[in-house]
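Reading through the structure tokens given below for one structure.
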Amino acid sequence: MTQSPPRDAGPAADRNTCPPAPRSGPEEILHGRRVADPYRWLEDARDPATIAWSAAQERLLAQEEARWPARDELLTRMTALLAGGGARPPVARGGREFHLCRRPGRELAALAVRESGRTRILLDPLEADPSGTTVVEAWEPSWEGGLVAVQLSSGGTEHSVLRVLDTETGETVDGPVDRVRRSPVAWLPGGRAFYYVRRLAPAHAAGEVLPRRVYLHQVGTPAHQDVEIFGAGRSDTQYYTVATAPDGRILVVGASEGTSPRTGLWTADLTATGPDRPDLRRFQYEDDGHTAVRLRPGEGPLLLRTTVGAPRGRIAAAPRGAKDPAQWRTLVAEQPGTVLQDFAVLDGPALDRPLLAVVRTRHAVGELTLHDARTGSHARTVPLPGRGTVTQLTAHHEAGHELWFAYSDHITPTVVLHYDAVTGQLRPWPGGSPAVDPVDGVIVTQETVRSRDGTQVRMFVMSPTGRPDRPRPAVVTGYGGFGASMTPGFTPQAIPWVRAGGVYAVACVRGGGEEGEEWHSAGRREHKRNTFDDFDAAADHLLRDGWAAPGRLGVLGSSNGGLLAAAALTRRPETYAAVVCVAPLLDMVRYELSGMGASWRDEYGSAADPAQFAHLLSYSPYHQVREGTRYPAVLLAVFDGDTRVDPAHARKMCAALQWAGTGDAPVVLRTERDVGHSARASSRSARLYADVMAFLAHHLGLPLTGETPT
């Protein structure tokens, strides 16, 4: 029986009580078109008018939160779902296994080291900062395992500081080195030095583009003495990677323009010149495709995971002196219908032949196979616990037959698995959390829908029965950008929703990487509308096939997915009863001017180009808000420490929707302090999930105060 969303649980945070927001921004002529920006004043978070407006929005949110009867119970459930702890696969160095782990009941992941069957914590960020706002962003042990470079950031900014720790004592032996942001660290043998990436200067203004350089750092010396290795004369928006072989023979530097899927590669023989003056020679041009290098000791060929000549990926071997991809030899060819994700080398003396462990996805579902490293022929398939995702593949950097990886699916918390290629045994890694059974009461199916142009789009549907037995309150989410795939992963926010009788769907739309680089390209820049068409088709499928009840369909999206959710809102507001955008991009005319926007031009295009500007303006959610439209309930959630997506996007959109809409559906802004776009304490995640799902439950009419029969 259809149940209308409740409307009588306390005073409504409707548009009649919204804080005043003067429409005082400029109207500009851009490429011959008049473009209004009435709420530009809200871009300045420090302006007294913005501060007062934001405070009023917090009061409005409190009124709306009082109408969510399930919020406290949801918070309890989310806390329990996230409390179990977890670990990431280890990196084996010098007889030690380094890994991140979050112990049960702890808020944040700590860096741990396991040796002789025992695990000890090397660095716990909660001990350094009991407030819980400091997180481990990145870490890399030396080849011998005696040292580890750790990067910490605070307040959600992701602006990291690098220090080198002694593995035995945990003492800091080098640093701090500032102006790093999840920099790759490539150690040289002996732990005496490493290559890394650093900005030339600290950022002073939002949206400021600062060039990066590759440096050589000598452990124990000040950072200002570091030798610049690569980057001078190149674009200020270039990103760099660095890698070295375990024996220190070779250095590989990669460069890409912002978030471009294409990479340029340079290699240097360090035995010929020394590490401080490498003779870097071009190995691959940027336009060829994306290539990642797996370096091994010795003088053998370079092993590559590449899209050059293979949009879905292949594994190739290349002579170290190769100057052209024509000299590369394919080991494992591109496989139709799958996308290559990663590989590792297993060549220990206990094996009868060297093997390549290969991770692929087939329509976003993971597969793990072993191949003869000499011929590429299929040797065996490693059975996985379910239809899930394999990530963070690791193996010994020298000869070995062991493999570690993380496994998860929509209803199974992440577990670290260990595979022995000699015995063929797959089991949980003793250094990780114990394996947990899948959550019961939730069945996952995969649907195929047709988009506007006939393209087949896959969608995961979580439901109580595994079939559209009756229309239910439903939430659909997606991402559709940067080649990122919506592969199965533990989805705690969906568990209580489905167990209470709802449907939760994940659409794998174009712009992501679920079907390879061509799928990504079909949803970026001038093709961005394909992303939105795919999402529309997913929503229509849920309604047409009886999964979702009319008037009780909601949308949830985060980051680029927040852009997707907002585009759904402005394109077809009548389709949805509630929309949630978390850390969203919304003003696509000015996105380049704040956060990390300047590095995303390859994905979205630039407003400085007339043709690209026209595409951006045509779908920019902020500019597509129309006065007099009956919009659904909207929750915009942002984080004041977010240095990727400026919270100003959501402030401006909130003001625009509150001004434009009719009806009593609320538009509210949730601003969280001292947290950023990515890593956070588990209690913070639990509160965010609880608020988002309580908002959706209230406006879609799904009681969550107790589990209901299916």
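Quick note on naming: the chains in the structure tokens go A, B, ... in the order shown, residues restart at 1 in each chain, and ligands are numbered from 1 in order of appearance.
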Exercise for the section: Would you please extract all alpha helix (DSSP H) residues from stretch 336-559 of chain A, as assigned by DSSP on the backbone, and give them as a ChimeraX atom specification? Expected result: /A:494-499,517-521,528-544
**Nearby residues (only C-alpha atoms) at most 12 Å from A:His378, same-chain spacing under 4 positions excluded, as number ranges by chain** = A: 331-333, 335, 355-358, 368-374, 382
Near stretch 550-559 of chain A, counting only C-alpha atoms, which residues have an atom at most 7 Å away, once you skip same-chain residues fewer than 5 positions from it, shown as a PDB file with N, CA, C and O atoms, in the first residue's frame?
ATOM      1  N   PRO A 473       9.480   2.598  -1.700  1.00  0.00           N
ATOM      2  CA  PRO A 473      10.333   3.789  -1.627  1.00  0.00           C
ATOM      3  C   PRO A 473      11.738   3.419  -2.092  1.00  0.00           C
ATOM      4  O   PRO A 473      12.305   2.414  -1.646  1.00  0.00           O
ATOM      5  N   ALA A 474      12.297   4.206  -2.996  1.00  0.00           N
ATOM      6  CA  ALA A 474      13.570   3.823  -3.627  1.00  0.00           C
ATOM      7  C   ALA A 474      14.512   5.009  -3.696  1.00  0.00           C
ATOM      8  O   ALA A 474      14.086   6.162  -3.839  1.00  0.00           O
ATOM      9  N   VAL A 475      15.785   4.701  -3.615  1.00  0.00           N
ATOM     10  CA  VAL A 475      16.858   5.684  -3.770  1.00  0.00           C
ATOM     11  C   VAL A 475      17.769   5.201  -4.887  1.00  0.00           C
ATOM     12  O   VAL A 475      18.155   4.023  -4.919  1.00  0.00           O
ATOM     13  N   VAL A 476      18.136   6.087  -5.801  1.00  0.00           N
ATOM     14  CA  VAL A 476      19.067   5.749  -6.869  1.00  0.00           C
ATOM     15  C   VAL A 476      20.268   6.683  -6.770  1.00  0.00           C
ATOM     16  O   VAL A 476      20.119   7.883  -6.515  1.00  0.00           O
ATOM     17  N   THR A 477      21.446   6.118  -6.941  1.00  0.00           N
ATOM     18  CA  THR A 477      22.678   6.892  -6.870  1.00  0.00           C
ATOM     19  C   THR A 477      23.565   6.545  -8.051  1.00  0.00           C
ATOM     20  O   THR A 477      23.341   5.560  -8.763  1.00  0.00           O
ATOM     21  N   GLY A 478      24.595   7.352  -8.278  1.00  0.00           N
ATOM     22  CA  GLY A 478      25.541   7.131  -9.363  1.00  0.00           C
ATOM     23  C   GLY A 478      26.710   8.085  -9.223  1.00  0.00           C
ATOM     24  O   GLY A 478      26.772   8.883  -8.283  1.00  0.00           O
ATOM     25  N   TYR A 479      27.633   8.015 -10.173  1.00  0.00           N
ATOM     26  CA  TYR A 479      28.812   8.897 -10.143  1.00  0.00           C
ATOM     27  C   TYR A 479      29.073   9.468 -11.539  1.00  0.00           C
ATOM     28  O   TYR A 479      28.892  10.640 -11.791  1.00  0.00           O
ATOM     29  N   LEU A 543      10.978   2.943 -11.985  1.00  0.00           N
ATOM     30  CA  LEU A 543       9.554   3.273 -11.921  1.00  0.00           C
ATOM     31  C   LEU A 543       8.729   2.373 -12.845  1.00  0.00           C
ATOM     32  O   LEU A 543       7.695   1.825 -12.444  1.00  0.00           O
ATOM     33  N   LEU A 564      25.759  14.994 -10.639  1.00  0.00           N
ATOM     34  CA  LEU A 564      24.789  14.124 -11.296  1.00  0.00           C
ATOM     35  C   LEU A 564      23.419  14.232 -10.635  1.00  0.00           C
ATOM     36  O   LEU A 564      22.388  14.351 -11.317  1.00  0.00           O
ATOM     37  N   ALA A 565      23.371  14.199  -9.301  1.00  0.00           N
ATOM     38  CA  ALA A 565      22.103  14.299  -8.590  1.00  0.00           C
ATOM     39  C   ALA A 565      21.438  15.648  -8.827  1.00  0.00           C
ATOM     40  O   ALA A 565      20.218  15.732  -9.017  1.00  0.00           O
ATOM     41  N   TYR A 576      11.223  13.240  -8.825  1.00  0.00           N
ATOM     42  CA  TYR A 576      11.798  12.863  -7.541  1.00  0.00           C
ATOM     43  C   TYR A 576      11.063  13.533  -6.382  1.00  0.00           C
ATOM     44  O   TYR A 576      10.575  14.659  -6.494  1.00  0.00           O
ATOM     45  N   ALA A 577      11.040  12.822  -5.256  1.00  0.00           N
ATOM     46  CA  ALA A 577      10.446  13.366  -4.039  1.00  0.00           C
ATOM     47  C   ALA A 577      11.501  13.965  -3.119  1.00  0.00           C
ATOM     48  O   ALA A 577      11.182  14.794  -2.267  1.00  0.00           O
ATOM     49  N   ALA A 578      12.746  13.551  -3.261  1.00  0.00           N
ATOM     50  CA  ALA A 578      13.827  14.066  -2.424  1.00  0.00           C
ATOM     51  C   ALA A 578      15.157  13.863  -3.138  1.00  0.00           C
ATOM     52  O   ALA A 578      15.351  12.852  -3.826  1.00  0.00           O
ATOM     53  N   VAL A 579      16.068  14.833  -2.958  1.00  0.00           N
ATOM     54  CA  VAL A 579      17.383  14.790  -3.596  1.00  0.00           C
ATOM     55  C   VAL A 579      18.429  15.191  -2.557  1.00  0.00           C
ATOM     56  O   VAL A 579      18.250  16.189  -1.853  1.00  0.00           O
ATOM     57  N   VAL A 580      19.505  14.409  -2.478  1.00  0.00           N
ATOM     58  CA  VAL A 580      20.621  14.721  -1.582  1.00  0.00           C
ATOM     59  C   VAL A 580      21.888  14.865  -2.413  1.00  0.00           C
ATOM     60  O   VAL A 580      22.248  13.963  -3.180  1.00  0.00           O
ATOM     61  N   CYS A 581      22.567  16.004  -2.246  1.00  0.00           N
ATOM     62  CA  CYS A 581      23.849  16.258  -2.919  1.00  0.00           C
ATOM     63  C   CYS A 581      24.906  16.474  -1.847  1.00  0.00           C
ATOM     64  O   CYS A 581      24.802  17.413  -1.047  1.00  0.00           O
ATOM     65  N   VAL A 582      25.931  15.617  -1.825  1.00  0.00           N
ATOM     66  CA  VAL A 582      26.999  15.698  -0.830  1.00  0.00           C
ATOM     67  C   VAL A 582      28.263  16.213  -1.513  1.00  0.00           C
ATOM     68  O   VAL A 582      28.706  15.650  -2.522  1.00  0.00           O
ATOM     69  N   ALA A 583      28.844  17.292  -0.973  1.00  0.00           N
ATOM     70  CA  ALA A 583      30.056  17.905  -1.526  1.00  0.00           C
ATOM     71  C   ALA A 583      29.959  18.064  -3.041  1.00  0.00           C
ATOM     72  O   ALA A 583      30.842  17.623  -3.780  1.00  0.00           O
ATOM     73  N   PRO A 584      28.888  18.708  -3.536  1.00  0.00           N
ATOM     74  CA  PRO A 584      28.634  18.695  -4.981  1.00  0.00           C
ATOM     75  C   PRO A 584      29.298  19.825  -5.744  1.00  0.00           C
ATOM     76  O   PRO A 584      29.518  20.923  -5.222  1.00  0.00           O
ATOM     77  N   LEU A 585      29.582  19.555  -7.012  1.00  0.00           N
ATOM     78  CA  LEU A 585      29.912  20.586  -7.996  1.00  0.00           C
ATOM     79  C   LEU A 585      28.599  21.074  -8.592  1.00  0.00           C
ATOM     80  O   LEU A 585      27.816  20.266  -9.106  1.00  0.00           O
ATOM     81  N   LEU A 696      15.960  11.208   3.618  1.00  0.00           N
ATOM     82  CA  LEU A 696      15.304  10.507   2.520  1.00  0.00           C
ATOM     83  C   LEU A 696      14.114   9.695   3.023  1.00  0.00           C
ATOM     84  O   LEU A 696      13.047   9.661   2.390  1.00  0.00           O
ATOM     85  N   LEU A 700      10.433  10.262   1.606  1.00  0.00           N
ATOM     86  CA  LEU A 700       9.946   9.190   0.738  1.00  0.00           C
ATOM     87  C   LEU A 700       8.945   8.289   1.450  1.00  0.00           C
ATOM     88  O   LEU A 700       8.405   7.351   0.846  1.00  0.00           O
TER      89      LEU A 700
END
Contacts of stretch 124-197 of chain A with stretch 644-663 of chain A up to 12 Å, shortest pair per row, only C-alpha atoms, as JSON lines:
{"residue": "A:Gly156", "atom": "CA", "partner": "A:Arg644", "partner_atom": "CA", "distance": 10.1}
{"residue": "A:Thr157", "atom": "CA", "partner": "A:Arg644", "partner_atom": "CA", "distance": 8.4}
{"residue": "A:Glu158", "atom": "CA", "partner": "A:Arg644", "partner_atom": "CA", "distance": 8.8}
{"residue": "A:His159", "atom": "CA", "partner": "A:Arg644", "partner_atom": "CA", "distance": 10.7}
{"residue": "A:Arg181", "atom": "CA", "partner": "A:Arg644", "partner_atom": "CA", "distance": 11.6}
Save the residues we just selected, N, CA, C and O atoms, as a PDB file, in the first residue's frame?
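The resulting file, result_30.pdb, is reproduced below:
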ATOM      1  N   GLY A 156      40.644  17.949   7.478  1.00  0.00           N
ATOM      2  CA  GLY A 156      40.008  17.587   6.226  1.00  0.00           C
ATOM      3  C   GLY A 156      40.604  18.237   4.996  1.00  0.00           C
ATOM      4  O   GLY A 156      40.128  18.012   3.886  1.00  0.00           O
ATOM      5  N   THR A 157      41.663  19.025   5.149  1.00  0.00           N
ATOM      6  CA  THR A 157      42.191  19.802   4.030  1.00  0.00           C
ATOM      7  C   THR A 157      42.950  18.967   3.012  1.00  0.00           C
ATOM      8  O   THR A 157      43.122  19.398   1.874  1.00  0.00           O
ATOM      9  N   GLU A 158      43.463  17.806   3.402  1.00  0.00           N
ATOM     10  CA  GLU A 158      44.308  16.953   2.564  1.00  0.00           C
ATOM     11  C   GLU A 158      45.649  17.599   2.229  1.00  0.00           C
ATOM     12  O   GLU A 158      46.389  17.099   1.391  1.00  0.00           O
ATOM     13  N   HIS A 159      45.956  18.730   2.866  1.00  0.00           N
ATOM     14  CA  HIS A 159      47.289  19.324   2.728  1.00  0.00           C
ATOM     15  C   HIS A 159      48.205  18.600   3.711  1.00  0.00           C
ATOM     16  O   HIS A 159      48.172  18.849   4.919  1.00  0.00           O
ATOM     17  N   ARG A 181      50.728  16.513  -1.075  1.00  0.00           N
ATOM     18  CA  ARG A 181      49.315  16.102  -1.045  1.00  0.00           C
ATOM     19  C   ARG A 181      49.239  14.687  -1.596  1.00  0.00           C
ATOM     20  O   ARG A 181      49.181  14.470  -2.797  1.00  0.00           O
TER      21      ARG A 181
END
Check your understanding: Residues at most 9 Å from stretch 90-101 of chain A, counting only C-alpha atoms, excluding those fewer than 4 positions away in the same chain, as a ChimeraX atom specification?
Key -> /A:85-86,108-116,119,121,136,140-146,394-397,404-405,416,431-433
For the residues in the current selection, export N, CA and C atoms as a PDB file, in the first residue's frame.
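Saved to selection-v1.pdb:
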ATOM      1  N   GLY A  85      35.801  -2.200  12.585  1.00  0.00           N
ATOM      2  CA  GLY A  85      37.209  -2.074  12.226  1.00  0.00           C
ATOM      3  C   GLY A  85      37.475  -2.597  10.835  1.00  0.00           C
ATOM      4  N   GLY A  86      38.751  -2.778  10.519  1.00  0.00           N
ATOM      5  CA  GLY A  86      39.125  -3.262   9.200  1.00  0.00           C
ATOM      6  C   GLY A  86      40.578  -2.983   8.923  1.00  0.00           C
ATOM      7  N   LEU A 108      39.678   6.049  13.812  1.00  0.00           N
ATOM      8  CA  LEU A 108      40.511   6.270  12.632  1.00  0.00           C
ATOM      9  C   LEU A 108      41.459   5.108  12.401  1.00  0.00           C
ATOM     10  N   ALA A 109      41.874   4.982  11.155  1.00  0.00           N
ATOM     11  CA  ALA A 109      42.859   3.968  10.803  1.00  0.00           C
ATOM     12  C   ALA A 109      44.246   4.389  11.284  1.00  0.00           C
ATOM     13  N   ALA A 110      45.013   3.403  11.760  1.00  0.00           N
ATOM     14  CA  ALA A 110      46.389   3.611  12.206  1.00  0.00           C
ATOM     15  C   ALA A 110      47.321   2.816  11.304  1.00  0.00           C
ATOM     16  N   LEU A 111      48.573   3.230  11.245  1.00  0.00           N
ATOM     17  CA  LEU A 111      49.583   2.504  10.481  1.00  0.00           C
ATOM     18  C   LEU A 111      50.181   1.431  11.380  1.00  0.00           C
ATOM     19  N   ALA A 112      50.131   0.183  10.913  1.00  0.00           N
ATOM     20  CA  ALA A 112      50.607  -0.951  11.706  1.00  0.00           C
ATOM     21  C   ALA A 112      51.671  -1.710  10.934  1.00  0.00           C
ATOM     22  N   VAL A 113      52.459  -2.482  11.675  1.00  0.00           N
ATOM     23  CA  VAL A 113      53.458  -3.342  11.063  1.00  0.00           C
ATOM     24  C   VAL A 113      53.350  -4.716  11.720  1.00  0.00           C
ATOM     25  N   ARG A 114      53.385  -5.748  10.899  1.00  0.00           N
ATOM     26  CA  ARG A 114      53.255  -7.124  11.379  1.00  0.00           C
ATOM     27  C   ARG A 114      54.540  -7.867  11.065  1.00  0.00           C
ATOM     28  N   GLU A 115      55.116  -8.501  12.068  1.00  0.00           N
ATOM     29  CA  GLU A 115      56.314  -9.316  11.869  1.00  0.00           C
ATOM     30  C   GLU A 115      56.316 -10.436  12.901  1.00  0.00           C
ATOM     31  N   SER A 116      56.795 -11.588  12.463  1.00  0.00           N
ATOM     32  CA  SER A 116      56.836 -12.782  13.316  1.00  0.00           C
ATOM     33  C   SER A 116      55.461 -13.112  13.882  1.00  0.00           C
ATOM     34  N   THR A 119      51.336  -8.114  15.468  1.00  0.00           N
ATOM     35  CA  THR A 119      51.048  -6.797  14.899  1.00  0.00           C
ATOM     36  C   THR A 119      51.215  -5.735  15.969  1.00  0.00           C
ATOM     37  N   ILE A 121      51.158  -1.259  16.481  1.00  0.00           N
ATOM     38  CA  ILE A 121      50.818   0.027  15.881  1.00  0.00           C
ATOM     39  C   ILE A 121      52.075   0.881  15.806  1.00  0.00           C
ATOM     40  N   VAL A 136      45.833   9.699   8.447  1.00  0.00           N
ATOM     41  CA  VAL A 136      46.931   9.216   7.615  1.00  0.00           C
ATOM     42  C   VAL A 136      46.471   9.272   6.166  1.00  0.00           C
ATOM     43  N   GLU A 140      54.580   5.000   2.753  1.00  0.00           N
ATOM     44  CA  GLU A 140      55.387   4.149   1.883  1.00  0.00           C
ATOM     45  C   GLU A 140      56.631   3.699   2.626  1.00  0.00           C
ATOM     46  N   PRO A 141      56.776   2.373   2.894  1.00  0.00           N
ATOM     47  CA  PRO A 141      57.985   1.888   3.558  1.00  0.00           C
ATOM     48  C   PRO A 141      59.162   1.826   2.594  1.00  0.00           C
ATOM     49  N   SER A 142      60.352   1.933   3.143  1.00  0.00           N
ATOM     50  CA  SER A 142      61.554   1.754   2.328  1.00  0.00           C
ATOM     51  C   SER A 142      61.631   0.303   1.872  1.00  0.00           C
ATOM     52  N   TRP A 143      62.472   0.033   0.872  1.00  0.00           N
ATOM     53  CA  TRP A 143      62.562  -1.328   0.323  1.00  0.00           C
ATOM     54  C   TRP A 143      62.995  -2.337   1.373  1.00  0.00           C
ATOM     55  N   GLU A 144      63.824  -1.898   2.318  1.00  0.00           N
ATOM     56  CA  GLU A 144      64.299  -2.824   3.355  1.00  0.00           C
ATOM     57  C   GLU A 144      63.354  -2.888   4.553  1.00  0.00           C
ATOM     58  N   GLY A 145      62.379  -1.963   4.625  1.00  0.00           N
ATOM     59  CA  GLY A 145      61.407  -1.971   5.706  1.00  0.00           C
ATOM     60  C   GLY A 145      61.863  -1.298   6.976  1.00  0.00           C
ATOM     61  N   GLY A 146      63.039  -0.697   6.993  1.00  0.00           N
ATOM     62  CA  GLY A 146      63.540  -0.056   8.207  1.00  0.00           C
ATOM     63  C   GLY A 146      62.967   1.321   8.443  1.00  0.00           C
ATOM     64  N   THR A 394      48.510  -6.616  -3.802  1.00  0.00           N
ATOM     65  CA  THR A 394      49.923  -6.498  -3.430  1.00  0.00           C
ATOM     66  C   THR A 394      50.590  -7.868  -3.467  1.00  0.00           C
ATOM     67  N   ALA A 395      51.895  -7.856  -3.691  1.00  0.00           N
ATOM     68  CA  ALA A 395      52.709  -9.073  -3.695  1.00  0.00           C
ATOM     69  C   ALA A 395      54.110  -8.686  -3.256  1.00  0.00           C
ATOM     70  N   HIS A 396      54.965  -9.680  -3.029  1.00  0.00           N
ATOM     71  CA  HIS A 396      56.362  -9.391  -2.696  1.00  0.00           C
ATOM     72  C   HIS A 396      57.027  -8.660  -3.854  1.00  0.00           C
ATOM     73  N   HIS A 397      57.848  -7.657  -3.529  1.00  0.00           N
ATOM     74  CA  HIS A 397      58.510  -6.918  -4.602  1.00  0.00           C
ATOM     75  C   HIS A 397      59.663  -7.715  -5.205  1.00  0.00           C
ATOM     76  N   TRP A 404      48.056 -10.620  -1.790  1.00  0.00           N
ATOM     77  CA  TRP A 404      47.080 -10.060  -0.867  1.00  0.00           C
ATOM     78  C   TRP A 404      46.167  -9.105  -1.632  1.00  0.00           C
ATOM     79  N   PHE A 405      44.916  -9.034  -1.213  1.00  0.00           N
ATOM     80  CA  PHE A 405      44.013  -8.059  -1.813  1.00  0.00           C
ATOM     81  C   PHE A 405      42.810  -7.855  -0.895  1.00  0.00           C
ATOM     82  N   VAL A 416      40.525  -8.511   4.069  1.00  0.00           N
ATOM     83  CA  VAL A 416      41.794  -8.715   3.376  1.00  0.00           C
ATOM     84  C   VAL A 416      42.006 -10.210   3.207  1.00  0.00           C
ATOM     85  N   GLY A 431      46.492 -10.869   9.612  1.00  0.00           N
ATOM     86  CA  GLY A 431      46.721  -9.521  10.130  1.00  0.00           C
ATOM     87  C   GLY A 431      45.538  -8.599   9.975  1.00  0.00           C
ATOM     88  N   GLY A 432      44.487  -9.035   9.270  1.00  0.00           N
ATOM     89  CA  GLY A 432      43.309  -8.208   9.076  1.00  0.00           C
ATOM     90  C   GLY A 432      42.180  -8.592  10.004  1.00  0.00           C
ATOM     91  N   SER A 433      41.034  -7.979   9.769  1.00  0.00           N
ATOM     92  CA  SER A 433      39.861  -8.307  10.572  1.00  0.00           C
ATOM     93  C   SER A 433      39.306  -9.658  10.137  1.00  0.00           C
TER      94      SER A 433
END
